Amino acid sequence: MKTTITLSLLVMGIVFLKTPISEMVKNQGNNSDFAIVEEPESGFKPLFNGKNFDDWDLLLRSGTPEEAKKVFTIDDDGTLHFFRDLPEGAGNDESRRNAFHGVMATKKSYSKYHLKFEYKWGKKLVNNYDQFQYDGGVFYHIMELKIWPVGLQYQVRYNHIEDKNHSGDFIASNVKMQWYSEDGETFKLPSEGGTPQPIRKGQHFAAKDLIFNGLNDKWNECEIIVMGNEYAIQILNGKLANMATNLEPSEGPIAFEAETGEIFWRNIRINEFDKSIPKEVFLKFKE
């Protein structure tokens with residue numbers, strides 16, 4: 001009978017593990033063999049209150065404060081609804097190209113936390129949709145708040161022309177991180193053949209064959225687990241999508257992006273940690 005190691009993390013809201021960390025590391029398999037260890041929901045607090053934007057900064061590329069009210073709206077049920085009150089194609093004409101690019105950013109900075117949120121696409125397309133189709137995202141560890149922020153980004157994007165998912169991709173916006181891949185194009189765990197890639201900016205594609213919801217009016221469940229400058233884990237619908245280590249930024253605001261597609265956000269909640277937790281705690285091998 002194996003001895004079970006329990007971690008004294010209950011006060012931080014982490015579920016006890018039934019598998020020793022050393023065994024989890026030893027037995028790591030491919031991306032699909034990983035399950036995410038769930039924390040009790042009691043450890044999470046709402047990041048958005050569903051009522052107003054009192055704890056948030058609203059930024060637009062060149063729109064007015066009145067136009068910002070049309071970009072960032074709250075439905076009766078508390079769901080965030082971006083681009084609800086703008087007409088189809090707004091910001092796509094020559095005179096105001098991309099005027100309604102924007103972000104909804106926390107006034108507070110965060111460093112070590114587990115963020116959960118859900119999103120689904122609407123139908124409307126605005127700004128430079130001809131270039132990026134349905135595009136949004138969540139910025140975090142923001143070093144400079146502007147359009148666009150300097151920081152890390154959990155890409156939220158759906159190419160409806162090719163029925164291709166990009167949600168879960170990393171975008172390194174003028175920051176550094178160590179990313180892992182086998183083919184140089186998509187994420188792969190080091191234990192399954194992924195090797196450290198040259199440090200670069202821009203897009204880093206998520207793992208292959210992730211389950212996603214496009215324009216079917218269904219919600220996607222997303223998670224970001226980040227521990228200061230140590231690592232960031234991105235999850236899409238319960239599957240490991242991406243991971244990076246040795247992050248250049250160690251903290252910063254969190255911002256929800258309004259770029260090209262009508263989008264709904266809900267159940268935005270966060271669990272903050274006082275101390276770093278090894279990434280193996282969140283990646284548990286399926287038995």
# chains A, B, ... in the order shown; residues from 1 in each chain; ligands from 1
>>> closest_atom_pairs(of="region 183-278 of chain A", to="region 81-84 of chain A", cutoff="6 Å", atoms="only C-alpha atoms", output="tab-separated table")
residue	atom	partner	partner_atom	distance
A:Glu262	CA	A:Phe83	CA	5.4
A:Ile263	CA	A:Phe82	CA	5.4
A:Phe264	CA	A:His81	CA	4.7
>>> closest_atom_pairs(of="region 180-285 of chain A", to="region 144-153 of chain A", cutoff="12 Å", atoms="only C-alpha atoms", output="Markdown table")
| residue | atom | partner | partner_atom | distance |
| --- | --- | --- | --- | --- |
| A:Lys201 | CA | A:Leu152 | CA | 10.0 |
| A:Gly202 | CA | A:Leu152 | CA | 9.6 |
| A:Gln203 | CA | A:Gln153 | CA | 9.2 |
| A:His204 | CA | A:Gln153 | CA | 10.2 |
| A:Phe205 | CA | A:Gln153 | CA | 11.9 |
| A:Ile224 | CA | A:Gln153 | CA | 10.0 |
| A:Val226 | CA | A:Leu152 | CA | 10.7 |
| A:Asn229 | CA | A:Leu152 | CA | 11.3 |
| A:Tyr231 | CA | A:Leu152 | CA | 11.5 |
| A:Ala232 | CA | A:Leu152 | CA | 9.3 |
| A:Ile233 | CA | A:Gln153 | CA | 11.4 |
| A:Gln234 | CA | A:Gln153 | CA | 9.9 |
| A:Asn242 | CA | A:Gln153 | CA | 11.4 |
| A:Met243 | CA | A:Leu152 | CA | 11.7 |
| A:Ala244 | CA | A:Leu152 | CA | 10.4 |
| A:Thr245 | CA | A:Leu152 | CA | 11.9 |
| A:Leu247 | CA | A:Leu152 | CA | 8.9 |
| A:Glu248 | CA | A:Gly151 | CA | 9.0 |
| A:Pro249 | CA | A:Gly151 | CA | 7.2 |
| A:Ser250 | CA | A:Gly151 | CA | 10.0 |
| A:Glu251 | CA | A:Gly151 | CA | 9.4 |
| A:Gly252 | CA | A:Gly151 | CA | 8.2 |
| A:Pro253 | CA | A:Leu145 | CA | 8.3 |
| A:Ile254 | CA | A:Gln153 | CA | 9.4 |
| A:Ala255 | CA | A:Pro149 | CA | 8.6 |
| A:Phe256 | CA | A:Gln153 | CA | 9.6 |
| A:Glu257 | CA | A:Trp148 | CA | 9.0 |
| A:Ala258 | CA | A:Ile147 | CA | 10.3 |
| A:Glu259 | CA | A:Trp148 | CA | 9.9 |
>>> write_last_selection(atoms="C-alpha atoms", output="mmCIF file, in the first residue's frame")
data_model
loop_
_atom_site.group_PDB
_atom_site.id
_atom_site.type_symbol
_atom_site.label_atom_id
_atom_site.label_comp_id
_atom_site.auth_asym_id
_atom_site.auth_seq_id
_atom_site.Cartn_x
_atom_site.Cartn_y
_atom_site.Cartn_z
ATOM 1 C CA LYS A 201 7.247 37.681 -28.806
ATOM 2 C CA GLY A 202 3.827 37.154 -30.343
ATOM 3 C CA GLN A 203 1.619 34.101 -30.671
ATOM 4 C CA HIS A 204 2.384 30.676 -29.215
ATOM 5 C CA PHE A 205 -0.174 28.111 -30.346
ATOM 6 C CA ILE A 224 -5.447 30.889 -15.890
ATOM 7 C CA VAL A 226 -0.139 31.971 -12.606
ATOM 8 C CA ASN A 229 7.219 35.029 -12.511
ATOM 9 C CA TYR A 231 4.862 29.857 -14.446
ATOM 10 C CA ALA A 232 1.529 30.369 -16.171
ATOM 11 C CA ILE A 233 -0.921 27.576 -17.047
ATOM 12 C CA GLN A 234 -3.821 28.096 -19.455
ATOM 13 C CA ASN A 242 -0.648 25.955 -22.773
ATOM 14 C CA MET A 243 2.085 26.540 -20.232
ATOM 15 C CA ALA A 244 5.116 28.782 -19.885
ATOM 16 C CA THR A 245 7.770 29.344 -17.233
ATOM 17 C CA LEU A 247 7.903 34.912 -16.967
ATOM 18 C CA GLU A 248 9.342 38.392 -17.300
ATOM 19 C CA PRO A 249 6.446 40.129 -15.559
ATOM 20 C CA SER A 250 5.604 38.936 -12.059
ATOM 21 C CA GLU A 251 2.362 40.825 -11.451
ATOM 22 C CA GLY A 252 -0.059 43.288 -12.948
ATOM 23 C CA PRO A 253 -3.700 44.090 -13.676
ATOM 24 C CA ILE A 254 -6.054 41.701 -15.486
ATOM 25 C CA ALA A 255 -7.939 42.958 -18.544
ATOM 26 C CA PHE A 256 -10.734 41.559 -20.699
ATOM 27 C CA GLU A 257 -10.314 42.468 -24.342
ATOM 28 C CA ALA A 258 -12.853 43.858 -26.796
ATOM 29 C CA GLU A 259 -11.382 43.479 -30.281
#
>>> atom_distance(atom1="CA of Ile171 (chain A)", atom2="CA of Ile270 (chain A)")
21.2 Å
>>> select_by_dssp(residues="region 44-286 of chain A", states="strand (DSSP E)", output="PyMOL selection string")
chain A and resi 45-46+56-60+72-74+80-82+102-106+112-125+134-144+150-159+164-165+170-173+178-181+195-196+202-204+220-227+231-236+239-245+255-258+261-272+283-285
>>> closest_residue(among="A:Ser167, A:Ser173, A:Asn98, A:Ser191", to="Asn237 (chain A)", atoms="only C-alpha atoms")
A:Ser167
>>> atom_distance(atom1="CA of Asp55 (chain A)", atom2="CA of Leu125 (chain A)")
27.6 Å
>>> residues_around(residues="Asn213 (chain A)", least_positions_apart="6", cutoff="9 Å", atoms="only C-alpha atoms", output="tab-separated table (two decimals) with all heavy atoms, in the first residue's frame")
chain	number	residue	atom	x	y	z
A	120	LYS	N	-18.70	33.10	-24.42
A	120	LYS	CA	-19.28	32.57	-25.64
A	120	LYS	C	-19.39	33.71	-26.64
A	120	LYS	O	-19.45	34.89	-26.29
A	120	LYS	CB	-20.65	31.93	-25.39
A	120	LYS	CG	-21.77	32.91	-25.08
A	120	LYS	CD	-23.12	32.18	-25.03
A	120	LYS	CE	-24.26	33.14	-24.71
A	120	LYS	NZ	-25.58	32.46	-24.71
A	121	TRP	N	-19.40	33.34	-27.91
A	121	TRP	CA	-19.46	34.33	-28.97
A	121	TRP	C	-20.89	34.72	-29.30
A	121	TRP	O	-21.80	33.89	-29.26
A	121	TRP	CB	-18.80	33.80	-30.24
A	121	TRP	CG	-17.32	33.57	-30.11
A	121	TRP	CD1	-16.67	32.37	-30.11
A	121	TRP	CD2	-16.32	34.58	-29.96
A	121	TRP	NE1	-15.32	32.56	-29.96
A	121	TRP	CE2	-15.07	33.91	-29.86
A	121	TRP	CE3	-16.35	35.97	-29.88
A	121	TRP	CZ2	-13.88	34.60	-29.71
A	121	TRP	CZ3	-15.15	36.66	-29.72
A	121	TRP	CH2	-13.93	35.96	-29.63
A	158	TYR	N	-11.79	32.72	-32.51
A	158	TYR	CA	-12.37	31.68	-33.33
A	158	TYR	C	-12.38	32.14	-34.79
A	158	TYR	O	-12.94	33.17	-35.13
A	158	TYR	CB	-13.80	31.36	-32.89
A	158	TYR	CG	-14.53	30.39	-33.80
A	158	TYR	CD1	-14.01	29.12	-34.06
A	158	TYR	CD2	-15.73	30.76	-34.42
A	158	TYR	CE1	-14.67	28.24	-34.89
A	158	TYR	CE2	-16.40	29.88	-35.25
A	158	TYR	CZ	-15.86	28.62	-35.49
A	158	TYR	OH	-16.51	27.74	-36.33
A	165	ASN	N	-9.96	26.88	-33.95
A	165	ASN	CA	-9.86	27.48	-32.62
A	165	ASN	C	-8.47	28.06	-32.37
A	165	ASN	O	-7.46	27.46	-32.73
A	165	ASN	CB	-10.15	26.42	-31.56
A	165	ASN	CG	-9.85	26.92	-30.16
A	165	ASN	OD1	-10.51	27.82	-29.66
A	165	ASN	ND2	-8.82	26.36	-29.53
A	219	TRP	N	-21.14	27.90	-24.02
A	219	TRP	CA	-20.09	28.54	-23.25
A	219	TRP	C	-18.80	27.72	-23.26
A	219	TRP	O	-18.82	26.49	-23.25
A	219	TRP	CB	-20.54	28.76	-21.81
A	219	TRP	CG	-21.65	29.75	-21.68
A	219	TRP	CD1	-22.99	29.49	-21.70
A	219	TRP	CD2	-21.52	31.16	-21.51
A	219	TRP	NE1	-23.70	30.65	-21.56
A	219	TRP	CE2	-22.82	31.70	-21.43
A	219	TRP	CE3	-20.42	32.03	-21.41
A	219	TRP	CZ2	-23.06	33.06	-21.26
A	219	TRP	CZ3	-20.66	33.38	-21.23
A	219	TRP	CH2	-21.96	33.89	-21.17
A	220	ASN	N	-17.67	28.43	-23.25
A	220	ASN	CA	-16.36	27.83	-23.04
A	220	ASN	C	-15.89	28.17	-21.63
A	220	ASN	O	-16.07	29.29	-21.16
A	220	ASN	CB	-15.35	28.39	-24.04
A	220	ASN	CG	-15.65	27.97	-25.46
A	220	ASN	OD1	-15.35	26.86	-25.88
A	220	ASN	ND2	-16.27	28.87	-26.23
>>> decode(residues="region 39-53 of chain A", atoms="all heavy atoms", output="PDB file, in the first residue's frame")
ATOM      1  N   GLU A  39      -9.914  23.220  -7.061  1.00  0.00           N
ATOM      2  CA  GLU A  39      -9.991  23.800  -5.734  1.00  0.00           C
ATOM      3  C   GLU A  39     -11.455  23.933  -5.333  1.00  0.00           C
ATOM      4  O   GLU A  39     -12.309  24.118  -6.202  1.00  0.00           O
ATOM      5  CB  GLU A  39      -9.365  25.191  -5.718  1.00  0.00           C
ATOM      6  CG  GLU A  39      -7.895  25.207  -5.999  1.00  0.00           C
ATOM      7  CD  GLU A  39      -7.555  26.326  -6.963  1.00  0.00           C
ATOM      8  OE1 GLU A  39      -7.698  26.115  -8.169  1.00  0.00           O
ATOM      9  OE2 GLU A  39      -7.153  27.400  -6.506  1.00  0.00           O
ATOM     10  N   PRO A  40     -11.748  23.887  -4.054  1.00  0.00           N
ATOM     11  CA  PRO A  40     -13.121  24.135  -3.628  1.00  0.00           C
ATOM     12  C   PRO A  40     -13.544  25.538  -4.060  1.00  0.00           C
ATOM     13  O   PRO A  40     -12.777  26.483  -3.963  1.00  0.00           O
ATOM     14  CB  PRO A  40     -13.030  24.035  -2.097  1.00  0.00           C
ATOM     15  CG  PRO A  40     -11.803  23.233  -1.837  1.00  0.00           C
ATOM     16  CD  PRO A  40     -10.851  23.562  -2.938  1.00  0.00           C
ATOM     17  N   GLU A  41     -14.755  25.678  -4.568  1.00  0.00           N
ATOM     18  CA  GLU A  41     -15.214  26.985  -5.032  1.00  0.00           C
ATOM     19  C   GLU A  41     -15.262  28.003  -3.900  1.00  0.00           C
ATOM     20  O   GLU A  41     -15.283  29.202  -4.147  1.00  0.00           O
ATOM     21  CB  GLU A  41     -16.590  26.856  -5.688  1.00  0.00           C
ATOM     22  CG  GLU A  41     -16.544  26.300  -7.099  1.00  0.00           C
ATOM     23  CD  GLU A  41     -15.823  27.227  -8.084  1.00  0.00           C
ATOM     24  OE1 GLU A  41     -15.863  28.460  -7.905  1.00  0.00           O
ATOM     25  OE2 GLU A  41     -15.204  26.716  -9.024  1.00  0.00           O
ATOM     26  N   SER A  42     -15.251  27.521  -2.658  1.00  0.00           N
ATOM     27  CA  SER A  42     -15.271  28.451  -1.536  1.00  0.00           C
ATOM     28  C   SER A  42     -14.024  29.318  -1.492  1.00  0.00           C
ATOM     29  O   SER A  42     -14.010  30.380  -0.859  1.00  0.00           O
ATOM     30  CB  SER A  42     -15.402  27.679  -0.212  1.00  0.00           C
ATOM     31  OG  SER A  42     -14.322  26.773  -0.051  1.00  0.00           O
ATOM     32  N   GLY A  43     -12.955  28.889  -2.160  1.00  0.00           N
ATOM     33  CA  GLY A  43     -11.729  29.674  -2.192  1.00  0.00           C
ATOM     34  C   GLY A  43     -11.763  30.814  -3.190  1.00  0.00           C
ATOM     35  O   GLY A  43     -10.887  31.682  -3.185  1.00  0.00           O
ATOM     36  N   PHE A  44     -12.760  30.820  -4.055  1.00  0.00           N
ATOM     37  CA  PHE A  44     -12.849  31.824  -5.115  1.00  0.00           C
ATOM     38  C   PHE A  44     -13.771  32.970  -4.723  1.00  0.00           C
ATOM     39  O   PHE A  44     -14.763  32.778  -4.032  1.00  0.00           O
ATOM     40  CB  PHE A  44     -13.351  31.187  -6.409  1.00  0.00           C
ATOM     41  CG  PHE A  44     -12.330  30.330  -7.100  1.00  0.00           C
ATOM     42  CD1 PHE A  44     -12.104  29.029  -6.688  1.00  0.00           C
ATOM     43  CD2 PHE A  44     -11.591  30.824  -8.162  1.00  0.00           C
ATOM     44  CE1 PHE A  44     -11.159  28.235  -7.316  1.00  0.00           C
ATOM     45  CE2 PHE A  44     -10.640  30.047  -8.796  1.00  0.00           C
ATOM     46  CZ  PHE A  44     -10.427  28.745  -8.373  1.00  0.00           C
ATOM     47  N   LYS A  45     -13.430  34.152  -5.212  1.00  0.00           N
ATOM     48  CA  LYS A  45     -14.247  35.339  -5.029  1.00  0.00           C
ATOM     49  C   LYS A  45     -14.540  35.958  -6.389  1.00  0.00           C
ATOM     50  O   LYS A  45     -13.709  35.889  -7.287  1.00  0.00           O
ATOM     51  CB  LYS A  45     -13.531  36.348  -4.134  1.00  0.00           C
ATOM     52  CG  LYS A  45     -13.256  35.853  -2.722  1.00  0.00           C
ATOM     53  CD  LYS A  45     -12.528  36.911  -1.905  1.00  0.00           C
ATOM     54  CE  LYS A  45     -12.252  36.423  -0.492  1.00  0.00           C
ATOM     55  NZ  LYS A  45     -11.533  37.447   0.309  1.00  0.00           N
ATOM     56  N   PRO A  46     -15.700  36.575  -6.549  1.00  0.00           N
ATOM     57  CA  PRO A  46     -16.007  37.226  -7.828  1.00  0.00           C
ATOM     58  C   PRO A  46     -14.982  38.316  -8.138  1.00  0.00           C
ATOM     59  O   PRO A  46     -14.646  39.127  -7.260  1.00  0.00           O
ATOM     60  CB  PRO A  46     -17.395  37.823  -7.604  1.00  0.00           C
ATOM     61  CG  PRO A  46     -17.979  37.043  -6.476  1.00  0.00           C
ATOM     62  CD  PRO A  46     -16.823  36.682  -5.585  1.00  0.00           C
ATOM     63  N   LEU A  47     -14.497  38.333  -9.365  1.00  0.00           N
ATOM     64  CA  LEU A  47     -13.621  39.413  -9.800  1.00  0.00           C
ATOM     65  C   LEU A  47     -14.452  40.554 -10.377  1.00  0.00           C
ATOM     66  O   LEU A  47     -14.078  41.711 -10.283  1.00  0.00           O
ATOM     67  CB  LEU A  47     -12.621  38.903 -10.848  1.00  0.00           C
ATOM     68  CG  LEU A  47     -11.531  39.888 -11.273  1.00  0.00           C
ATOM     69  CD1 LEU A  47     -10.613  40.243 -10.099  1.00  0.00           C
ATOM     70  CD2 LEU A  47     -10.704  39.313 -12.420  1.00  0.00           C
ATOM     71  N   PHE A  48     -15.585  40.201 -10.979  1.00  0.00           N
ATOM     72  CA  PHE A  48     -16.532  41.185 -11.496  1.00  0.00           C
ATOM     73  C   PHE A  48     -17.855  41.013 -10.754  1.00  0.00           C
ATOM     74  O   PHE A  48     -18.355  39.892 -10.632  1.00  0.00           O
ATOM     75  CB  PHE A  48     -16.733  40.987 -13.002  1.00  0.00           C
ATOM     76  CG  PHE A  48     -17.792  41.866 -13.595  1.00  0.00           C
ATOM     77  CD1 PHE A  48     -17.645  43.239 -13.609  1.00  0.00           C
ATOM     78  CD2 PHE A  48     -18.948  41.314 -14.128  1.00  0.00           C
ATOM     79  CE1 PHE A  48     -18.628  44.059 -14.141  1.00  0.00           C
ATOM     80  CE2 PHE A  48     -19.932  42.114 -14.666  1.00  0.00           C
ATOM     81  CZ  PHE A  48     -19.778  43.495 -14.667  1.00  0.00           C
ATOM     82  N   ASN A  49     -18.432  42.121 -10.280  1.00  0.00           N
ATOM     83  CA  ASN A  49     -19.614  42.013  -9.424  1.00  0.00           C
ATOM     84  C   ASN A  49     -20.933  41.882 -10.176  1.00  0.00           C
ATOM     85  O   ASN A  49     -21.990  41.710  -9.560  1.00  0.00           O
ATOM     86  CB  ASN A  49     -19.682  43.203  -8.461  1.00  0.00           C
ATOM     87  CG  ASN A  49     -19.844  44.547  -9.164  1.00  0.00           C
ATOM     88  OD1 ASN A  49     -20.224  44.615 -10.328  1.00  0.00           O
ATOM     89  ND2 ASN A  49     -19.529  45.623  -8.450  1.00  0.00           N
ATOM     90  N   GLY A  50     -20.913  41.976 -11.513  1.00  0.00           N
ATOM     91  CA  GLY A  50     -22.127  41.814 -12.303  1.00  0.00           C
ATOM     92  C   GLY A  50     -23.070  42.992 -12.249  1.00  0.00           C
ATOM     93  O   GLY A  50     -24.188  42.927 -12.779  1.00  0.00           O
ATOM     94  N   LYS A  51     -22.620  44.099 -11.639  1.00  0.00           N
ATOM     95  CA  LYS A  51     -23.503  45.254 -11.447  1.00  0.00           C
ATOM     96  C   LYS A  51     -22.976  46.534 -12.077  1.00  0.00           C
ATOM     97  O   LYS A  51     -23.723  47.307 -12.664  1.00  0.00           O
ATOM     98  CB  LYS A  51     -23.729  45.482  -9.955  1.00  0.00           C
ATOM     99  CG  LYS A  51     -24.377  44.319  -9.237  1.00  0.00           C
ATOM    100  CD  LYS A  51     -24.467  44.596  -7.737  1.00  0.00           C
ATOM    101  CE  LYS A  51     -25.078  43.411  -6.993  1.00  0.00           C
ATOM    102  NZ  LYS A  51     -25.133  43.672  -5.513  1.00  0.00           N
ATOM    103  N   ASN A  52     -21.667  46.770 -11.933  1.00  0.00           N
ATOM    104  CA  ASN A  52     -21.100  48.034 -12.409  1.00  0.00           C
ATOM    105  C   ASN A  52     -19.602  47.867 -12.674  1.00  0.00           C
ATOM    106  O   ASN A  52     -19.039  46.792 -12.445  1.00  0.00           O
ATOM    107  CB  ASN A  52     -21.349  49.156 -11.397  1.00  0.00           C
ATOM    108  CG  ASN A  52     -20.845  48.793 -10.004  1.00  0.00           C
ATOM    109  OD1 ASN A  52     -19.686  48.458  -9.794  1.00  0.00           O
ATOM    110  ND2 ASN A  52     -21.764  48.836  -9.029  1.00  0.00           N
ATOM    111  N   PHE A  53     -18.961  48.950 -13.109  1.00  0.00           N
ATOM    112  CA  PHE A  53     -17.541  48.923 -13.443  1.00  0.00           C
ATOM    113  C   PHE A  53     -16.713  49.714 -12.429  1.00  0.00           C
ATOM    114  O   PHE A  53     -15.664  50.262 -12.766  1.00  0.00           O
ATOM    115  CB  PHE A  53     -17.326  49.485 -14.854  1.00  0.00           C
ATOM    116  CG  PHE A  53     -18.019  48.714 -15.936  1.00  0.00           C
ATOM    117  CD1 PHE A  53     -19.120  49.252 -16.590  1.00  0.00           C
ATOM    118  CD2 PHE A  53     -17.575  47.456 -16.311  1.00  0.00           C
ATOM    119  CE1 PHE A  53     -19.764  48.544 -17.603  1.00  0.00           C
ATOM    120  CE2 PHE A  53     -18.210  46.737 -17.310  1.00  0.00           C
ATOM    121  CZ  PHE A  53     -19.305  47.278 -17.961  1.00  0.00           C
TER     122      PHE A  53
END
